[in-house]
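Below is the file input-v3.csv, which contains CSV, C-alpha atoms.
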```
chain,number,residue,atom,x,y,z
P,1,MET,CA,5.4,-16.5,-2.2
P,2,ASN,CA,5.8,-12.8,-3.0
P,3,VAL,CA,7.8,-10.5,-0.7
P,4,GLU,CA,7.6,-6.8,-1.3
P,5,GLY,CA,9.9,-4.3,0.3
P,6,ASN,CA,8.4,-1.9,2.8
P,7,PRO,CA,10.9,-0.6,5.3
P,8,ASP,CA,8.2,0.8,7.6
P,9,THR,CA,6.4,-2.4,8.6
P,10,LEU,CA,7.1,-5.7,10.3
P,11,GLN,CA,5.1,-8.7,9.1
P,12,THR,CA,5.5,-12.3,10.2
P,13,SER,CA,4.4,-15.6,8.6
P,14,SER,CA,5.0,-19.3,9.1
P,15,PHE,CA,7.8,-19.1,6.6
P,16,GLY,CA,9.8,-16.0,7.6
P,17,ILE,CA,10.1,-12.5,9.0
P,18,ARG,CA,9.6,-9.7,6.6
P,19,HIS,CA,10.5,-6.0,6.6
P,20,SER,CA,12.0,-4.8,9.8
P,21,ILE,CA,14.5,-2.1,10.8
P,22,PHE,CA,17.2,-3.1,13.3
P,23,ASP,CA,19.5,-0.6,15.0
P,24,ILE,CA,23.1,-1.7,15.2
P,25,ARG,CA,25.9,0.1,17.0
P,26,PHE,CA,29.5,-0.3,16.0
P,27,HIS,CA,32.7,1.0,17.7
P,28,ARG,CA,33.8,2.5,14.3
P,29,SER,CA,30.5,4.1,13.2
P,30,PRO,CA,27.3,5.7,14.5
P,31,VAL,CA,24.0,3.9,14.7
P,32,GLU,CA,23.3,2.2,11.3
P,33,LYS,CA,19.7,1.2,10.4
P,34,LEU,CA,19.6,-2.2,8.8
P,35,GLN,CA,16.5,-2.7,6.8
P,36,ILE,CA,15.5,-6.3,6.6
P,37,LEU,CA,13.5,-7.0,3.4
P,38,TYR,CA,13.1,-10.8,3.9
P,39,GLU,CA,14.2,-13.4,6.5
P,40,ASP,CA,13.7,-17.0,7.2
P,41,ASN,CA,15.9,-19.9,8.5
P,42,HIS,CA,17.7,-20.2,5.1
P,43,LEU,CA,17.9,-16.7,3.7
P,44,ILE,CA,18.1,-13.0,4.7
P,45,ALA,CA,17.8,-10.1,2.3
P,46,VAL,CA,18.6,-6.5,3.3
P,47,TYR,CA,18.6,-3.1,1.8
P,48,LYS,CA,22.1,-1.8,1.1
P,49,PRO,CA,22.4,2.0,1.2
P,50,GLY,CA,24.8,3.5,-1.3
P,51,GLY,CA,28.3,4.1,0.2
P,52,ILE,CA,28.3,0.9,2.3
P,53,LEU,CA,30.6,-2.0,1.4
P,54,VAL,CA,29.0,-5.4,0.9
P,55,GLN,CA,32.1,-7.1,2.2
P,56,GLY,CA,35.0,-5.7,4.1
P,57,ASP,CA,38.2,-4.6,2.4
P,58,ILE,CA,41.5,-2.9,3.3
P,59,SER,CA,39.7,0.2,4.4
P,60,HIS,CA,38.4,-1.7,7.4
P,61,ASP,CA,35.1,0.2,7.1
P,62,ILE,CA,32.1,-1.5,8.5
P,63,SER,CA,30.4,-3.7,5.8
P,64,LEU,CA,26.9,-5.0,5.2
P,65,LEU,CA,28.2,-8.5,5.9
P,66,ASP,CA,29.4,-7.3,9.4
P,67,MET,CA,26.0,-5.6,10.1
P,68,VAL,CA,23.9,-8.6,9.1
P,69,LYS,CA,26.1,-11.0,11.1
P,70,ASP,CA,25.7,-8.8,14.1
P,71,TYR,CA,22.0,-8.6,13.7
P,72,ILE,CA,21.6,-12.4,13.5
P,73,LYS,CA,23.9,-12.8,16.5
P,74,LYS,CA,21.9,-10.4,18.7
P,75,GLU,CA,18.4,-10.9,17.4
P,76,HIS,CA,18.6,-14.7,17.4
P,77,HIS,CA,21.0,-15.0,20.4
P,78,LYS,CA,23.5,-17.0,18.4
P,79,PRO,CA,26.6,-18.0,20.3
P,80,GLY,CA,30.0,-18.1,18.5
P,81,GLU,CA,30.6,-17.3,14.9
P,82,VAL,CA,27.6,-16.7,12.7
P,83,PHE,CA,27.6,-18.3,9.2
P,84,LEU,CA,26.5,-16.0,6.4
P,85,GLY,CA,27.0,-16.9,2.8
P,86,LEU,CA,27.8,-14.1,0.3
P,87,VAL,CA,26.3,-15.1,-3.0
P,88,HIS,CA,26.5,-11.8,-4.9
P,89,ARG,CA,27.7,-8.2,-4.5
P,90,LEU,CA,26.9,-4.6,-5.3
P,91,ASP,CA,29.4,-1.9,-6.0
P,92,ARG,CA,30.0,0.4,-3.0
P,93,PRO,CA,28.2,3.5,-4.5
P,94,VAL,CA,25.1,1.4,-5.5
P,95,SER,CA,22.1,0.8,-3.4
P,96,GLY,CA,19.5,-1.9,-3.3
P,97,VAL,CA,18.6,-5.6,-2.5
P,98,VAL,CA,21.4,-7.8,-1.2
P,99,LEU,CA,20.7,-11.5,-0.5
P,100,PHE,CA,22.7,-13.6,1.9
P,101,ALA,CA,22.4,-17.3,2.7
P,102,ARG,CA,22.1,-18.4,6.3
P,103,THR,CA,23.2,-22.0,5.6
P,104,SER,CA,25.9,-23.6,3.5
P,105,LYS,CA,23.3,-25.6,1.6
P,106,SER,CA,21.3,-22.5,0.7
P,107,ALA,CA,24.5,-20.7,-0.3
P,108,SER,CA,25.5,-23.6,-2.7
P,109,ARG,CA,22.0,-23.8,-4.3
P,110,LEU,CA,21.7,-20.0,-4.7
P,111,SER,CA,25.2,-19.9,-6.3
P,112,VAL,CA,24.0,-22.5,-8.9
P,113,GLN,CA,21.1,-20.3,-9.8
P,114,TRP,CA,23.4,-17.3,-10.2
P,115,ARG,CA,25.7,-19.3,-12.5
P,116,GLN,CA,22.8,-20.6,-14.5
P,117,ARG,CA,21.5,-17.0,-14.8
P,118,SER,CA,18.0,-18.1,-13.7
P,119,ILE,CA,17.7,-15.3,-11.2
P,120,ILE,CA,15.8,-12.2,-12.4
P,121,LYS,CA,17.7,-9.1,-11.5
P,122,ILE,CA,16.0,-5.7,-12.0
P,123,TYR,CA,17.8,-2.4,-11.5
P,124,TRP,CA,16.7,1.2,-11.7
P,125,ALA,CA,19.1,3.8,-13.1
P,126,LEU,CA,18.7,7.6,-13.3
P,127,VAL,CA,20.8,8.7,-16.3
P,128,HIS,CA,21.9,11.9,-18.1
P,129,GLY,CA,20.2,12.3,-21.4
P,130,LYS,CA,17.8,10.0,-23.3
P,131,MET,CA,18.5,6.5,-24.6
P,132,PRO,CA,18.4,6.1,-28.4
P,133,ARG,CA,15.2,3.9,-28.1
P,134,PRO,CA,12.6,3.9,-25.3
P,135,SER,CA,13.3,0.2,-24.8
P,136,SER,CA,15.9,-2.2,-26.2
P,137,SER,CA,18.7,-4.7,-25.5
P,138,LEU,CA,22.4,-3.9,-25.3
P,139,ILE,CA,25.0,-6.6,-26.1
P,140,SER,CA,28.6,-5.5,-25.6
P,141,TYR,CA,32.0,-7.0,-24.8
P,142,LEU,CA,33.8,-5.7,-21.8
P,143,LYS,CA,37.4,-5.8,-20.7
P,144,LYS,CA,38.8,-4.9,-17.2
P,145,ARG,CA,41.3,-2.1,-17.0
P,146,ARG,CA,42.5,-1.3,-13.5
P,147,GLN,CA,39.6,0.0,-11.5
P,148,LYS,CA,37.2,0.3,-14.5
P,149,VAL,CA,35.9,-1.7,-17.4
P,150,SER,CA,35.6,-0.6,-21.0
P,151,LEU,CA,33.9,-1.8,-24.1
P,152,THR,CA,36.1,-3.8,-26.5
P,153,ASP,CA,35.9,-5.9,-29.6
P,154,GLN,CA,34.5,-9.4,-29.4
P,155,THR,CA,37.9,-10.7,-30.6
P,156,HIS,CA,39.8,-9.3,-27.7
P,157,LYS,CA,41.3,-12.3,-25.8
P,158,ARG,CA,39.9,-11.1,-22.4
P,159,ALA,CA,36.5,-9.9,-23.7
P,160,GLN,CA,33.5,-10.8,-21.7
P,161,GLU,CA,30.0,-10.7,-23.2
P,162,ALA,CA,27.6,-8.3,-21.3
P,163,VAL,CA,23.9,-8.4,-22.0
P,164,LEU,CA,21.1,-6.2,-20.6
P,165,SER,CA,17.7,-5.0,-21.6
P,166,TYR,CA,16.1,-1.7,-20.6
P,167,ARG,CA,13.0,0.3,-20.8
P,168,THR,CA,12.4,4.0,-20.1
P,169,LEU,CA,10.1,4.6,-17.1
P,170,LEU,CA,10.0,8.4,-17.4
P,171,GLU,CA,11.9,11.4,-18.8
P,172,ARG,CA,12.3,14.6,-16.9
P,173,GLY,CA,14.3,17.5,-18.0
P,174,LYS,CA,17.8,16.3,-19.0
P,175,THR,CA,17.6,12.9,-17.2
P,176,SER,CA,15.8,9.6,-17.8
P,177,LEU,CA,14.7,6.9,-15.3
P,178,LEU,CA,15.4,3.4,-16.7
P,179,GLU,CA,14.4,0.0,-15.6
P,180,VAL,CA,17.3,-2.4,-16.5
P,181,THR,CA,17.1,-6.2,-16.6
P,182,LEU,CA,20.6,-7.6,-16.1
P,183,HIS,CA,21.2,-10.8,-18.1
P,184,THR,CA,24.8,-11.2,-17.3
P,185,GLY,CA,26.6,-10.0,-14.1
P,186,ARG,CA,29.9,-8.4,-15.3
P,187,LYS,CA,31.8,-5.9,-13.1
P,188,HIS,CA,30.4,-2.4,-13.6
P,189,GLN,CA,28.3,-3.7,-16.5
P,190,ILE,CA,25.3,-1.4,-16.3
P,191,ARG,CA,27.5,1.6,-15.6
P,192,ALA,CA,29.8,1.0,-18.6
P,193,GLN,CA,27.1,0.0,-21.1
P,194,LEU,CA,24.8,3.0,-20.4
P,195,ALA,CA,27.8,5.4,-20.5
P,196,ALA,CA,28.7,4.0,-23.9
P,197,GLU,CA,25.2,4.9,-25.1
P,198,GLY,CA,25.9,8.5,-24.1
P,199,CYS,CA,23.8,8.2,-20.9
P,200,PRO,CA,26.1,7.9,-17.8
P,201,ILE,CA,24.4,7.3,-14.5
P,202,VAL,CA,23.9,10.4,-12.4
P,203,GLY,CA,26.8,10.9,-10.0
P,204,ASP,CA,29.0,8.3,-11.7
P,205,ILE,CA,32.0,10.4,-12.6
P,206,LYS,CA,34.1,7.3,-13.1
P,207,TYR,CA,32.0,6.6,-16.2
P,208,GLY,CA,31.4,10.1,-17.5
P,209,ALA,CA,28.8,11.8,-15.4
P,210,PRO,CA,29.5,15.6,-15.3
P,211,ASP,CA,29.1,15.9,-11.5
P,212,ARG,CA,29.6,13.9,-8.4
P,213,ARG,CA,26.7,13.6,-5.9
P,214,GLU,CA,27.4,15.1,-2.5
P,215,ASP,CA,27.4,11.8,-0.7
P,216,GLY,CA,29.5,10.0,-3.3
P,217,THR,CA,26.8,7.6,-4.3
P,218,ILE,CA,25.4,7.0,-7.8
P,219,CYS,CA,21.7,6.8,-8.9
P,220,LEU,CA,21.7,3.1,-9.5
P,221,LEU,CA,19.4,0.8,-7.5
P,222,ALA,CA,19.2,-3.0,-7.4
P,223,LYS,CA,15.5,-2.8,-7.3
P,224,SER,CA,14.4,-6.5,-7.1
P,225,LEU,CA,15.4,-10.1,-7.2
P,226,THR,CA,13.3,-13.0,-8.2
P,227,PHE,CA,14.5,-16.6,-7.6
P,228,MET,CA,13.6,-20.1,-6.5
P,229,HIS,CA,13.8,-20.7,-2.8
P,230,PRO,CA,16.7,-23.0,-2.1
P,231,THR,CA,14.8,-25.5,0.0
P,232,ARG,CA,11.2,-25.1,-1.1
P,233,PRO,CA,9.5,-25.2,-4.5
P,234,GLU,CA,8.5,-21.5,-4.3
P,235,THR,CA,9.4,-18.4,-6.2
P,236,VAL,CA,10.6,-15.5,-4.0
P,237,TYR,CA,10.3,-11.9,-5.0
P,238,ILE,CA,12.2,-9.3,-3.0
P,239,GLU,CA,12.0,-5.5,-3.7
P,240,ALA,CA,13.9,-2.6,-2.4
P,241,PRO,CA,12.2,0.7,-1.4
P,242,THR,CA,12.2,3.4,-4.0
P,243,PRO,CA,14.9,6.1,-3.4
P,244,ASP,CA,14.2,9.8,-3.4
P,245,TRP,CA,16.0,10.3,-6.8
P,246,ALA,CA,13.4,8.0,-8.5
P,247,LEU,CA,10.3,9.7,-7.2
```

Output the file's structure as structure tokens, nothing else.
Amino acid sequence: MNVEGNPDTLQTSSFGIRHSIFDIRFHRSPVEKLQILYEDNHLIAVYKPGGILVQGDISHDISLLDMVKDYIKKEHHKPGEVFLGLVHRLDRPVSGVVLFARTSKSASRLSVQWRQRSIIKIYWALVHGKMPRPSSSLISYLKKRRQKVSLTDQTHKRAQEAVLSYRTLLERGKTSLLEVTLHTGRKHQIRAQLAAEGCPIVGDIKYGAPDRREDGTICLLAKSLTFMHPTRPETVYIEAPTPDWAL
């Protein structure tokens, strides 16, 4: 079963509901438009705009988790507390596909796929400069340092292996659009590894970009996820809409 992201349409099938936009009002924020990329009784995938938290923190800003729970509660008339399993995250300034589990069984089975690295995770990144090769793989070792990560030697006691592959989709002026396949899921991995190649992501001043974007987001998109459905022998493909900076 293939599911492609199109935020402007609503389609239904016997398996699930795909691609809708749901208005949600919160007492701490204006109307937020929640883009549903895929939904069935076991899963829900949504588009996360850059700048939105996936999960709440000490800022008490509205999070994507809050928004999706509210959507399920209202759309499906769910009484009481709504279960929603968080199986992965995106950094706050990053946009793209976020997948949630609607049952504990689905959450457990998706978590196994993440640990086994069987899920195909594709990102798009607009970077400053040009990569040394049009396509290649990067294997690095990362260590956490406060709110950042940095590359380190393999022998460092806290080093974590970070692997990705990329290909250049286009070059324009002083920037390049890359498609990145993430093979490991380390904190800030793509941001740190591309910056180490001399190609920081546009807007990512934390990792060496020369300028901040006006809205504080960075040009990094979780473009698609491909995985096995947790309750059926089917492959699910979910894709985020293409942002303006990639057009």

Pick from P:Ile238, P:Leu170, P:Leu220, P:Ile52, whichever lies nearest to Val202 in chain P using only C-alpha atoms: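 Looking at the shortest contact to Val202 in chain P, the residue is P:Leu220.
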
Coordinates-based distance that separates CA of Ala45 in chain P from CA of Leu99 in chain P (Å, one decimal):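 So the two atoms, CA of Leu99 in chain P and CA of Ala45 in chain P, lie 4.3 Å apart.
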
What is the CA of Val46 in chain P-CA of Arg115 in chain P distance in Å, reported with one decimal?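 Distance reported for this atom pair: 21.5 Å.
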
Using only C-alpha atoms for the distances, tell me which of P:Pro243, P:Ile58, P:Glu39, P:Arg146 is nearest to Glu75 in chain P.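 The shortest atom-to-atom distance to Glu75 in chain P comes from P:Glu39.
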
Distance CA of Val236 in chain P-CA of Met67 in chain P, one decimal place?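 Interatomic distance, CA of Val236 in chain P to CA of Met67 in chain P: 23.1 Å.
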
So, with all atoms listed in the file as the atoms that count, which of P:Glu179, P:Glu81, P:Asp57, P:Asp40 lies closest to Phe100 in chain P?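 Result for the nearest residue to Phe100 in chain P: P:Asp40.
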
Contact residues around His88 in chain P with all atoms listed in the file at 12 Å, ignoring same-chain residues under 5 positions, as an MDAnalysis selection string: chainID P and resid 45 54:55 65 97:101 107 110:115 119 121 185:187 222 225

As a count of residues only, please: the residues near range 204-208 of chain P (cut-off 10 Å, all atoms listed in the file, same-chain neighbours under 3 positions excluded). 26

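If you measure from each of P:Thr242, P:Thr235, P:Ser63, P:Thr168 to Ser118 in chain P using only C-alpha atoms, the closest one turns out to be P:Thr235.
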